[in-house]
$ cat input_30.cif   # mmCIF, C-alpha atoms
data_query
#
loop_
_atom_site.group_PDB
_atom_site.id
_atom_site.type_symbol
_atom_site.label_atom_id
_atom_site.label_comp_id
_atom_site.auth_asym_id
_atom_site.auth_seq_id
_atom_site.Cartn_x
_atom_site.Cartn_y
_atom_site.Cartn_z
ATOM 1 C CA GLN J 1 0.099 -103.304 45.736
ATOM 2 C CA LEU J 2 -1.894 -105.848 43.755
ATOM 3 C CA LYS J 3 -4.820 -103.480 43.711
ATOM 4 C CA LYS J 4 -2.629 -100.744 42.240
ATOM 5 C CA ILE J 5 -1.377 -103.140 39.558
ATOM 6 C CA TYR J 6 -4.928 -104.237 38.854
ATOM 7 C CA GLU J 7 -6.154 -100.645 38.423
ATOM 8 C CA LYS J 8 -3.194 -99.684 36.219
ATOM 9 C CA VAL J 9 -3.327 -102.678 33.847
ATOM 10 C CA ASN J 10 -7.034 -103.433 33.600
ATOM 11 C CA VAL J 11 -8.991 -102.004 30.681
ATOM 12 C CA GLU J 12 -12.674 -102.654 29.965
ATOM 13 C CA ALA J 13 -13.628 -104.104 26.597
ATOM 14 C CA VAL J 14 -15.582 -101.722 24.345
ATOM 15 C CA ASP J 15 -18.494 -102.972 22.244
ATOM 16 C CA ALA J 16 -18.857 -101.928 18.631
ATOM 17 C CA THR J 17 -21.997 -99.872 17.999
ATOM 18 C CA PHE J 18 -24.403 -99.559 15.102
ATOM 19 C CA TYR J 19 -26.964 -96.813 14.640
ATOM 20 C CA VAL J 20 -29.193 -95.604 11.819
ATOM 21 C CA GLU J 21 -30.028 -91.890 11.798
ATOM 22 C CA PRO J 22 -33.632 -90.827 10.991
ATOM 23 C CA SER J 23 -32.221 -89.689 7.640
ATOM 24 C CA GLY J 24 -31.122 -93.265 6.925
ATOM 25 C CA GLU J 25 -27.408 -92.568 7.417
ATOM 26 C CA ILE J 26 -25.600 -95.508 9.009
ATOM 27 C CA LYS J 27 -23.087 -94.868 11.805
ATOM 28 C CA ARG J 28 -20.730 -97.449 13.287
ATOM 29 C CA SER J 29 -18.014 -97.477 15.926
ATOM 30 C CA GLU J 30 -15.317 -100.112 16.336
ATOM 31 C CA SER J 31 -14.892 -102.522 19.220
ATOM 32 C CA LYS J 32 -11.804 -102.740 21.424
ATOM 33 C CA GLU J 33 -10.414 -105.643 23.413
ATOM 34 C CA GLY J 34 -9.832 -105.225 27.141
ATOM 35 C CA ARG J 35 -7.352 -106.580 29.712
ATOM 36 C CA ASP J 36 -7.918 -108.193 33.083
ATOM 37 C CA VAL J 37 -5.179 -109.239 35.518
ATOM 38 C CA ASP J 38 -5.794 -112.762 36.818
ATOM 39 C CA ILE J 39 -5.410 -111.815 40.498
ATOM 40 C CA SER J 40 -5.922 -115.379 41.790
ATOM 41 C CA LYS J 41 -3.110 -116.751 39.629
ATOM 42 C CA LEU J 42 -0.881 -113.789 40.446
ATOM 43 C CA LYS J 43 -1.324 -114.427 44.192
ATOM 44 C CA ASP J 44 -0.506 -118.108 43.702
ATOM 45 C CA ASP J 45 2.642 -117.208 41.758
ATOM 46 C CA ILE J 46 3.773 -114.841 44.538
ATOM 47 C CA TYR J 47 3.067 -117.388 47.315
ATOM 48 C CA ASN J 48 4.935 -120.109 45.415
ATOM 49 C CA MET J 49 7.903 -117.795 44.905
ATOM 50 C CA ILE J 50 8.021 -116.978 48.636
ATOM 51 C CA ASN J 51 7.584 -120.609 49.704
ATOM 52 C CA LYS J 52 10.409 -121.742 47.413
ATOM 53 C CA LYS J 53 12.527 -118.752 48.498
ATOM 54 C CA LYS J 54 13.355 -117.957 44.896
ATOM 55 C CA ILE J 55 12.786 -114.256 44.380
ATOM 56 C CA LYS J 56 12.456 -113.443 40.691
ATOM 57 C CA ASP J 57 10.473 -111.383 38.216
ATOM 58 C CA ILE J 58 6.895 -112.551 37.601
ATOM 59 C CA ASN J 59 5.149 -112.132 34.329
ATOM 60 C CA LEU J 60 1.681 -110.755 34.989
ATOM 61 C CA PRO J 61 -1.026 -113.265 34.070
ATOM 62 C CA VAL J 62 -3.319 -111.088 31.968
ATOM 63 C CA LEU J 63 -6.581 -112.268 30.431
ATOM 64 C CA THR J 64 -7.923 -110.765 27.211
ATOM 65 C CA LEU J 65 -11.480 -109.440 27.483
ATOM 66 C CA TYR J 66 -13.440 -109.725 24.248
ATOM 67 C CA PRO J 67 -16.330 -107.357 23.453
ATOM 68 C CA LYS J 68 -19.844 -108.774 23.218
ATOM 69 C CA THR J 69 -20.349 -106.933 19.923
ATOM 70 C CA SER J 70 -17.414 -106.946 17.527
ATOM 71 C CA THR J 71 -16.524 -104.601 14.684
ATOM 72 C CA LYS J 72 -16.964 -107.510 12.268
ATOM 73 C CA GLN J 73 -20.533 -108.067 13.476
ATOM 74 C CA VAL J 74 -21.672 -104.485 12.955
ATOM 75 C CA LYS J 75 -19.858 -104.211 9.632
ATOM 76 C CA SER J 76 -21.924 -107.144 8.344
ATOM 77 C CA ILE J 77 -25.113 -105.042 8.660
ATOM 78 C CA ASN J 78 -25.349 -103.480 5.206
ATOM 79 C CA SER J 79 -28.877 -103.993 3.896
ATOM 80 C CA ILE J 80 -32.584 -103.774 4.727
ATOM 81 C CA LEU J 81 -33.978 -107.306 5.038
ATOM 82 C CA GLY J 82 -37.623 -106.237 5.374
ATOM 83 C CA GLN J 83 -39.826 -103.270 6.230
ATOM 84 C CA PHE J 84 -43.475 -102.478 6.852
ATOM 85 C CA SER J 85 -45.540 -99.317 7.435
ATOM 86 C CA THR J 86 -48.940 -98.509 8.941
ATOM 87 C CA SER J 87 -50.748 -95.180 9.361
ATOM 88 C CA PHE J 88 -52.511 -93.591 12.347
ATOM 89 C CA ASN J 89 -53.957 -90.332 13.652
ATOM 90 C CA ASP J 90 -51.000 -88.426 15.055
ATOM 91 C CA SER J 91 -52.982 -85.922 17.130
ATOM 92 C CA THR J 92 -54.612 -88.327 19.614
ATOM 93 C CA SER J 93 -53.611 -90.064 22.844
ATOM 94 C CA ARG J 94 -53.389 -93.271 20.811
ATOM 95 C CA GLY J 95 -50.955 -91.548 18.460
ATOM 96 C CA SER J 96 -48.883 -90.444 21.436
ATOM 97 C CA ASN J 97 -48.695 -94.050 22.664
ATOM 98 C CA ILE J 98 -47.504 -95.185 19.240
ATOM 99 C CA HIS J 99 -44.661 -92.674 19.441
ATOM 100 C CA VAL J 100 -43.647 -93.911 22.912
ATOM 101 C CA ALA J 101 -43.819 -97.619 22.004
ATOM 102 C CA GLY J 102 -42.131 -97.027 18.659
ATOM 103 C CA GLU J 103 -39.157 -95.344 20.289
ATOM 104 C CA SER J 104 -38.742 -97.948 23.057
ATOM 105 C CA THR J 105 -38.624 -100.812 20.525
ATOM 106 C CA SER J 106 -36.295 -99.048 18.080
ATOM 107 C CA ASP J 107 -32.502 -99.114 17.672
ATOM 108 C CA VAL J 108 -32.324 -102.717 18.866
ATOM 109 C CA LEU J 109 -29.256 -104.738 17.889
ATOM 110 C CA LEU J 110 -30.296 -108.396 17.661
ATOM 111 C CA MET J 111 -27.324 -110.748 17.746
ATOM 112 C CA PRO J 112 -27.335 -114.238 16.155
ATOM 113 C CA GLY J 113 -29.638 -116.528 18.140
ATOM 114 C CA GLU J 114 -30.937 -113.639 20.277
ATOM 115 C CA THR J 115 -34.685 -113.261 20.867
ATOM 116 C CA PHE J 116 -36.594 -109.963 20.729
ATOM 117 C CA SER J 117 -39.430 -109.532 23.247
ATOM 118 C CA TYR J 118 -41.806 -106.630 22.665
ATOM 119 C CA ASN J 119 -43.029 -106.548 26.274
ATOM 120 C CA LYS J 120 -39.478 -106.569 27.600
ATOM 121 C CA LYS J 121 -38.572 -103.568 25.457
ATOM 122 C CA THR J 122 -41.634 -101.444 26.236
ATOM 123 C CA GLY J 123 -42.125 -102.367 29.867
ATOM 124 C CA ALA J 124 -45.556 -101.893 31.437
ATOM 125 C CA ARG J 125 -47.811 -99.660 29.375
ATOM 126 C CA ASN J 126 -48.778 -97.209 32.137
ATOM 127 C CA TRP J 127 -48.583 -93.472 32.754
ATOM 128 C CA VAL J 128 -45.245 -93.859 34.583
ATOM 129 C CA ASN J 129 -43.700 -95.018 31.294
ATOM 130 C CA GLY J 130 -45.400 -92.251 29.311
ATOM 131 C CA TYR J 131 -48.546 -94.028 28.092
ATOM 132 C CA GLN J 132 -52.012 -92.489 28.002
ATOM 133 C CA SER J 133 -55.515 -93.947 28.025
ATOM 134 C CA ALA J 134 -56.786 -94.786 24.517
ATOM 135 C CA PRO J 135 -59.130 -97.287 22.793
ATOM 136 C CA ILE J 136 -58.100 -100.966 22.997
ATOM 137 C CA ILE J 137 -59.808 -104.263 22.102
ATOM 138 C CA VAL J 138 -60.728 -106.405 25.123
ATOM 139 C CA GLY J 139 -62.886 -109.509 24.846
ATOM 140 C CA GLY J 140 -64.163 -108.554 21.422
ATOM 141 C CA ARG J 141 -65.156 -105.033 22.502
ATOM 142 C CA VAL J 142 -63.451 -101.668 22.020
ATOM 143 C CA VAL J 143 -62.889 -99.949 25.380
ATOM 144 C CA ASN J 144 -60.564 -97.308 26.788
ATOM 145 C CA GLY J 145 -57.414 -98.592 28.433
ATOM 146 C CA GLU J 146 -53.823 -97.659 29.196
ATOM 147 C CA GLY J 147 -51.479 -97.943 26.248
ATOM 148 C CA GLY J 148 -54.027 -98.078 23.439
ATOM 149 C CA GLY J 149 -52.099 -98.112 20.152
ATOM 150 C CA VAL J 150 -49.165 -100.267 21.243
ATOM 151 C CA CYS J 151 -50.588 -103.190 19.255
ATOM 152 C CA GLN J 152 -50.195 -101.183 16.053
ATOM 153 C CA VAL J 153 -46.491 -100.848 16.810
ATOM 154 C CA SER J 154 -46.128 -104.578 17.556
ATOM 155 C CA THR J 155 -48.062 -105.369 14.365
ATOM 156 C CA THR J 156 -45.783 -103.150 12.279
ATOM 157 C CA ILE J 157 -42.634 -104.731 13.735
ATOM 158 C CA TYR J 158 -44.138 -108.221 13.321
ATOM 159 C CA ASN J 159 -44.696 -107.698 9.610
ATOM 160 C CA ALA J 160 -41.162 -106.386 9.145
ATOM 161 C CA ALA J 161 -39.866 -109.483 10.972
ATOM 162 C CA LEU J 162 -42.020 -111.721 8.771
ATOM 163 C CA LEU J 163 -40.583 -110.208 5.600
ATOM 164 C CA SER J 164 -37.048 -110.394 7.003
ATOM 165 C CA GLY J 165 -37.185 -114.148 7.522
ATOM 166 C CA LEU J 166 -36.797 -113.954 11.303
ATOM 167 C CA THR J 167 -38.064 -116.892 13.349
ATOM 168 C CA ILE J 168 -41.470 -116.066 14.866
ATOM 169 C CA ASP J 169 -41.594 -117.557 18.371
ATOM 170 C CA GLU J 170 -44.801 -115.988 19.722
ATOM 171 C CA VAL J 171 -47.592 -114.011 18.064
ATOM 172 C CA HIS J 172 -51.290 -113.564 18.840
ATOM 173 C CA ASN J 173 -54.127 -112.050 16.838
ATOM 174 C CA HIS J 174 -56.824 -109.676 18.097
ATOM 175 C CA SER J 175 -60.319 -111.016 18.689
ATOM 176 C CA LEU J 176 -61.532 -108.592 16.012
ATOM 177 C CA PRO J 177 -59.785 -107.742 12.704
ATOM 178 C CA SER J 178 -57.565 -104.637 12.828
ATOM 179 C CA ARG J 179 -58.083 -101.731 10.466
ATOM 180 C CA TYR J 180 -54.344 -101.062 10.084
ATOM 181 C CA ALA J 181 -53.274 -104.563 8.949
ATOM 182 C CA PRO J 182 -54.773 -107.415 6.893
ATOM 183 C CA ARG J 183 -56.439 -110.301 8.714
ATOM 184 C CA GLY J 184 -53.799 -112.791 9.755
ATOM 185 C CA ARG J 185 -51.052 -110.206 9.985
ATOM 186 C CA ASP J 186 -51.821 -108.422 13.265
ATOM 187 C CA ALA J 187 -49.944 -108.964 16.539
ATOM 188 C CA THR J 188 -51.781 -108.109 19.742
ATOM 189 C CA VAL J 189 -49.808 -107.716 22.960
ATOM 190 C CA SER J 190 -50.795 -107.457 26.612
ATOM 191 C CA TYR J 191 -48.136 -106.827 29.217
ATOM 192 C CA GLY J 192 -47.673 -109.895 31.415
ATOM 193 C CA TYR J 193 -49.943 -112.060 29.234
ATOM 194 C CA THR J 194 -49.331 -112.068 25.484
ATOM 195 C CA ASP J 195 -46.115 -111.008 23.786
ATOM 196 C CA LEU J 196 -44.520 -110.689 20.360
ATOM 197 C CA LYS J 197 -41.249 -112.622 20.230
ATOM 198 C CA PHE J 198 -38.945 -113.467 17.373
ATOM 199 C CA THR J 199 -35.367 -114.734 17.048
ATOM 200 C CA ASN J 200 -32.490 -113.854 14.732
ATOM 201 C CA PRO J 201 -31.758 -117.163 12.920
ATOM 202 C CA TYR J 202 -28.772 -115.843 10.990
ATOM 203 C CA THR J 203 -25.029 -115.919 11.699
ATOM 204 C CA HIS J 204 -24.971 -112.115 11.291
ATOM 205 C CA ALA J 205 -26.421 -109.404 13.524
ATOM 206 C CA ASP J 206 -29.739 -107.676 12.780
ATOM 207 C CA TYR J 207 -30.919 -104.196 13.755
ATOM 208 C CA ILE J 208 -34.468 -102.905 14.280
ATOM 209 C CA LYS J 209 -35.238 -99.286 13.390
ATOM 210 C CA ASN J 210 -38.661 -97.677 13.832
ATOM 211 C CA ILE J 211 -39.483 -94.322 12.264
ATOM 212 C CA VAL J 212 -42.559 -92.601 13.694
ATOM 213 C CA GLY J 213 -43.986 -89.330 12.435
ATOM 214 C CA ASN J 214 -46.455 -87.590 10.133
ATOM 215 C CA GLY J 215 -49.168 -90.115 10.931
ATOM 216 C CA ALA J 216 -47.179 -93.228 10.043
ATOM 217 C CA ILE J 217 -44.878 -95.772 11.643
ATOM 218 C CA THR J 218 -42.338 -97.703 9.598
ATOM 219 C CA SER J 219 -40.332 -100.574 10.984
ATOM 220 C CA LYS J 220 -37.142 -101.547 9.147
ATOM 221 C CA ILE J 221 -34.987 -104.551 9.931
ATOM 222 C CA TYR J 222 -31.395 -104.255 8.786
ATOM 223 C CA GLY J 223 -29.033 -107.184 8.333
ATOM 224 C CA CYS J 224 -26.462 -108.728 6.029
ATOM 225 C CA ASN J 225 -27.310 -108.821 2.349
ATOM 226 C CA LEU J 226 -26.236 -112.492 2.322
ATOM 227 C CA ASP J 227 -29.259 -113.265 4.542
ATOM 228 C CA ARG J 228 -31.809 -111.463 2.395
ATOM 229 C CA GLU J 229 -34.483 -113.784 1.002
ATOM 230 C CA ARG J 230 -37.296 -113.432 -1.524
ATOM 231 C CA ILE J 231 -40.315 -113.666 0.771
ATOM 232 C CA VAL J 232 -44.040 -113.167 0.227
ATOM 233 C CA ILE J 233 -46.826 -113.541 2.774
ATOM 234 C CA ARG J 234 -50.049 -115.355 1.867
ATOM 235 C CA MET J 235 -53.237 -115.796 3.870
ATOM 236 C CA GLU J 236 -55.904 -118.489 3.491
ATOM 237 C CA GLU J 237 -59.279 -117.586 5.000
ATOM 238 C CA GLU J 238 -62.133 -119.840 6.046
ATOM 239 C CA TYR J 239 -65.510 -118.300 6.914
ATOM 240 C CA LEU J 240 -67.872 -119.908 9.403
ATOM 241 C CA LYS J 241 -71.080 -118.614 10.924
ATOM 242 C CA ASP J 242 -69.543 -116.703 13.837
ATOM 243 C CA LYS J 243 -65.829 -116.641 13.108
ATOM 244 C CA ILE J 244 -63.127 -116.271 10.468
ATOM 245 C CA THR J 245 -60.080 -118.552 10.534
ATOM 246 C CA VAL J 246 -56.978 -117.230 8.782
ATOM 247 C CA LYS J 247 -53.820 -119.235 8.162
ATOM 248 C CA THR J 248 -50.747 -117.090 7.529
ATOM 249 C CA TYR J 249 -48.006 -118.586 5.366
ATOM 250 C CA ARG J 250 -44.523 -117.352 4.600
ATOM 251 C CA LEU J 251 -43.348 -118.358 1.136
ATOM 252 C CA TYR J 252 -39.668 -118.433 0.192
ATOM 253 C CA LEU J 253 -39.109 -117.902 -3.535
ATOM 254 C CA ASP J 254 -36.203 -118.551 -5.871
ATOM 255 C CA GLU J 255 -34.965 -116.093 -8.511
ATOM 256 C CA GLU J 256 -37.745 -117.191 -10.874
ATOM 257 C CA ASN J 257 -40.432 -116.728 -8.187
ATOM 258 C CA ASN J 258 -40.947 -120.462 -7.726
ATOM 259 C CA VAL J 259 -41.902 -121.474 -4.166
ATOM 260 C CA MET J 260 -38.942 -123.251 -2.553
ATOM 261 C CA ARG J 261 -40.407 -123.463 0.939
ATOM 262 C CA ARG J 262 -43.806 -122.835 2.526
ATOM 263 C CA GLU J 263 -44.038 -122.113 6.241
ATOM 264 C CA LEU J 264 -47.224 -121.884 8.324
ATOM 265 C CA VAL J 265 -46.465 -118.993 10.685
ATOM 266 C CA ASN J 266 -49.749 -118.596 12.567
ATOM 267 C CA THR J 267 -53.448 -119.476 12.609
ATOM 268 C CA SER J 268 -55.701 -116.567 13.591
ATOM 269 C CA ILE J 269 -59.348 -116.775 14.649
ATOM 270 C CA TYR J 270 -61.539 -113.652 14.572
ATOM 271 C CA LYS J 271 -65.078 -113.018 15.695
ATOM 272 C CA THR J 272 -67.400 -111.870 12.908
ATOM 273 C CA HIS J 273 -69.460 -109.661 15.231
#
$ encode --input "input_30.cif" --output "structure tokens"
Amino acid sequence: QLKKIYEKVNVEAVDATFYVEPSGEIKRSESKEGRDVDISKLKDDIYNMINKKKIKDINLPVLTLYPKTSTKQVKSINSILGQFSTSFNDSTSRGSNIHVAGESTSDVLLMPGETFSYNKKTGARNWVNGYQSAPIIVGGRVVNGEGGGVCQVSTTIYNAALLSGLTIDEVHNHSLPSRYAPRGRDATVSYGYTDLKFTNPYTHADYIKNIVGNGAITSKIYGCNLDRERIVIRMEEEYLKDKITVKTYRLYLDEENNVMRRELVNTSIYKTH
């Protein structure tokens, strides 16, 4: 009988959703609260009633289930905080890998305090997950390997995150400069070894959207317009005999373009040959 009551009363909570169409149109759905009968308390109430020999009506102890993502949270996403684009050859195995990685790291809702992990989103870059063999940089040399091109996707997302003011938790540079991004602004990844991670520092949700096609990938990070900052990225380079050291800074500007805060994000070291 309790099981029948449980099945009749219980309702799962429904998360609100947020999605950006390739056309740029924003679509949202509202959240709904759920119900859950507290079976343990209900059993105790029944046993107590029987023990005391006082048969009476029992109000069902019902718990409210709250959605993980609320309507309020998705409604706060109303602006692009930062975006970045890079180009590539669409008709190669490397281009195919960029499409696969771009799709697997897109349409990500990042809640306040939540951390994005590139490796977690893509999974292993092997043929089972749709990746092909293409040129990659290993130990300062360009060789063929599974998933060549995924670092261009991570680099594109990294730069969008930089410009959006997200907290960079982990980033690594290639051993050689990349042709698709300035020195100091690349983000190499290797499944199980090096990752790109960043955290949403805001009290509002963020959303990552990648658009891949026509030889270009664009990563856009949406959020609340109240979180949007005036940000510029600056690099300081130091040349030595066999290496280049690049310090990447994120500068936060006021309305008159004065620097309010200067943050050292990463120090990259490249081989010169």
$ closest_residue --input "input_30.cif" --among "J:Asn48, J:Thr105, J:Ser31, J:Ser133" --to "Ser219 in chain J" --atoms "all atoms listed in the file"
J:Thr105
$ resolve_selection --input "input_30.cif" --expression "the PyMOL selection byres ((chain J and resi 102) around 10)" --output "PDB file with C-alpha atoms, in the frame of the given file"
ATOM      1  CA  SER J  96     -48.883 -90.444  21.436  1.00  0.00           C
ATOM      2  CA  ASN J  97     -48.695 -94.050  22.664  1.00  0.00           C
ATOM      3  CA  ILE J  98     -47.504 -95.185  19.240  1.00  0.00           C
ATOM      4  CA  HIS J  99     -44.661 -92.674  19.441  1.00  0.00           C
ATOM      5  CA  VAL J 100     -43.647 -93.911  22.912  1.00  0.00           C
ATOM      6  CA  ALA J 101     -43.819 -97.619  22.004  1.00  0.00           C
ATOM      7  CA  GLU J 103     -39.157 -95.344  20.289  1.00  0.00           C
ATOM      8  CA  SER J 104     -38.742 -97.948  23.057  1.00  0.00           C
ATOM      9  CA  THR J 105     -38.624-100.812  20.525  1.00  0.00           C
ATOM     10  CA  SER J 106     -36.295 -99.048  18.080  1.00  0.00           C
ATOM     11  CA  ASP J 107     -32.502 -99.114  17.672  1.00  0.00           C
ATOM     12  CA  THR J 122     -41.634-101.444  26.236  1.00  0.00           C
ATOM     13  CA  VAL J 150     -49.165-100.267  21.243  1.00  0.00           C
ATOM     14  CA  GLN J 152     -50.195-101.183  16.053  1.00  0.00           C
ATOM     15  CA  VAL J 153     -46.491-100.848  16.810  1.00  0.00           C
ATOM     16  CA  SER J 154     -46.128-104.578  17.556  1.00  0.00           C
ATOM     17  CA  THR J 156     -45.783-103.150  12.279  1.00  0.00           C
ATOM     18  CA  ILE J 157     -42.634-104.731  13.735  1.00  0.00           C
ATOM     19  CA  LYS J 209     -35.238 -99.286  13.390  1.00  0.00           C
ATOM     20  CA  ASN J 210     -38.661 -97.677  13.832  1.00  0.00           C
ATOM     21  CA  ILE J 211     -39.483 -94.322  12.264  1.00  0.00           C
ATOM     22  CA  VAL J 212     -42.559 -92.601  13.694  1.00  0.00           C
ATOM     23  CA  ILE J 217     -44.878 -95.772  11.643  1.00  0.00           C
ATOM     24  CA  THR J 218     -42.338 -97.703   9.598  1.00  0.00           C
ATOM     25  CA  SER J 219     -40.332-100.574  10.984  1.00  0.00           C
TER      26      SER J 219
END
$ atom_distance --input "input_30.cif" --atom1 "CA of His204 in chain J" --atom2 "CA of Ser76 in chain J"
6.5 Å
$ resolve_selection --input "input_30.cif" --expression "the PyMOL selection byres ((chain J and resi 216) around 6)" --output "list in words"
Thr86, Ser87, Phe88, Val212, Gly213, Asn214, Gly215 and Ile217 of chain J
$ closest_residue --input "input_30.cif" --among "J:Thr245, J:Asp44, J:Lys56, J:Asn78" --to "Lys27 in chain J" --atoms "only C-alpha atoms"
J:Asn78
$ closest_residue --input "input_30.cif" --among "J:Leu81, J:Thr92, J:Asp195, J:Lys52" --to "Gly123 in chain J" --atoms "all atoms listed in the file"
J:Asp195
$ resolve_selection --input "input_30.cif" --expression "the PyMOL selection byres ((chain J and resi 9) around 9)" --output "list of chain:residue names"
J:Lys4, J:Ile5, J:Tyr6, J:Glu7, J:Lys8, J:Asn10, J:Val11, J:Arg35, J:Asp36, J:Val37, J:Val62
$ write_last_selection --input "input_30.cif" --atoms "C-alpha atoms" --output "tab-separated table (two decimals), keeping the file's coordinate frame"
chain	number	residue	atom	x	y	z
J	4	LYS	CA	-2.63	-100.74	42.24
J	5	ILE	CA	-1.38	-103.14	39.56
J	6	TYR	CA	-4.93	-104.24	38.85
J	7	GLU	CA	-6.15	-100.64	38.42
J	8	LYS	CA	-3.19	-99.68	36.22
J	10	ASN	CA	-7.03	-103.43	33.60
J	11	VAL	CA	-8.99	-102.00	30.68
J	35	ARG	CA	-7.35	-106.58	29.71
J	36	ASP	CA	-7.92	-108.19	33.08
J	37	VAL	CA	-5.18	-109.24	35.52
J	62	VAL	CA	-3.32	-111.09	31.97
$ atom_distance --input "input_30.cif" --atom1 "CA of Asp206 in chain J" --atom2 "CA of Ile221 in chain J"
6.7 Å
$ atom_distance --input "input_30.cif" --atom1 "CA of Cys151 in chain J" --atom2 "CA of Arg250 in chain J"
21.3 Å
$ decode --input "input_30.cif" --residues "range 8-26 of chain J" --atoms "N, CA and C atoms" --output "compact mmCIF listing (two decimals), in the first residue's frame"
# COMPACT_ATOMS: atom_id res chain seq x y z
N LYS J 8 2.04 7.08 -6.63
CA LYS J 8 0.99 8.02 -7.02
C LYS J 8 1.38 9.47 -6.70
N VAL J 9 2.07 9.68 -5.58
CA VAL J 9 2.36 11.04 -5.11
C VAL J 9 3.67 11.58 -5.67
N ASN J 10 4.66 10.69 -5.77
CA ASN J 10 6.00 11.16 -6.14
C ASN J 10 6.08 11.72 -7.57
N VAL J 11 6.78 12.83 -7.69
CA VAL J 11 7.01 13.46 -8.98
C VAL J 11 8.47 13.92 -9.02
N GLU J 12 9.18 13.58 -10.08
CA GLU J 12 10.57 14.00 -10.22
C GLU J 12 10.66 15.50 -10.49
N ALA J 13 11.69 16.13 -9.94
CA ALA J 13 11.95 17.53 -10.26
C ALA J 13 12.46 17.64 -11.69
N VAL J 14 12.14 18.74 -12.35
CA VAL J 14 12.56 18.96 -13.75
C VAL J 14 13.49 20.16 -13.80
N ASP J 15 14.68 19.96 -14.35
CA ASP J 15 15.64 21.05 -14.49
C ASP J 15 15.24 22.01 -15.60
N ALA J 16 15.51 23.28 -15.39
CA ALA J 16 15.37 24.25 -16.48
C ALA J 16 16.48 23.99 -17.50
N THR J 17 16.23 24.31 -18.75
CA THR J 17 17.25 24.09 -19.78
C THR J 17 17.53 25.40 -20.52
N PHE J 18 18.73 25.45 -21.08
CA PHE J 18 19.16 26.61 -21.86
C PHE J 18 19.90 26.09 -23.07
N TYR J 19 19.57 26.63 -24.23
CA TYR J 19 20.21 26.17 -25.46
C TYR J 19 20.28 27.31 -26.46
N VAL J 20 21.40 27.40 -27.16
CA VAL J 20 21.57 28.41 -28.21
C VAL J 20 21.61 27.68 -29.55
N GLU J 21 20.70 28.02 -30.43
CA GLU J 21 20.67 27.44 -31.77
C GLU J 21 21.87 27.94 -32.57
N PRO J 22 22.29 27.18 -33.61
CA PRO J 22 23.39 27.66 -34.48
C PRO J 22 23.13 29.05 -35.04
N SER J 23 21.86 29.41 -35.18
CA SER J 23 21.50 30.73 -35.70
C SER J 23 21.71 31.83 -34.66
N GLY J 24 21.92 31.42 -33.40
CA GLY J 24 22.08 32.39 -32.33
C GLY J 24 20.82 32.58 -31.50
N GLU J 25 19.71 31.94 -31.92
CA GLU J 25 18.46 32.06 -31.17
C GLU J 25 18.57 31.32 -29.84
N ILE J 26 18.15 31.98 -28.78
CA ILE J 26 18.21 31.40 -27.44
C ILE J 26 16.88 30.72 -27.10
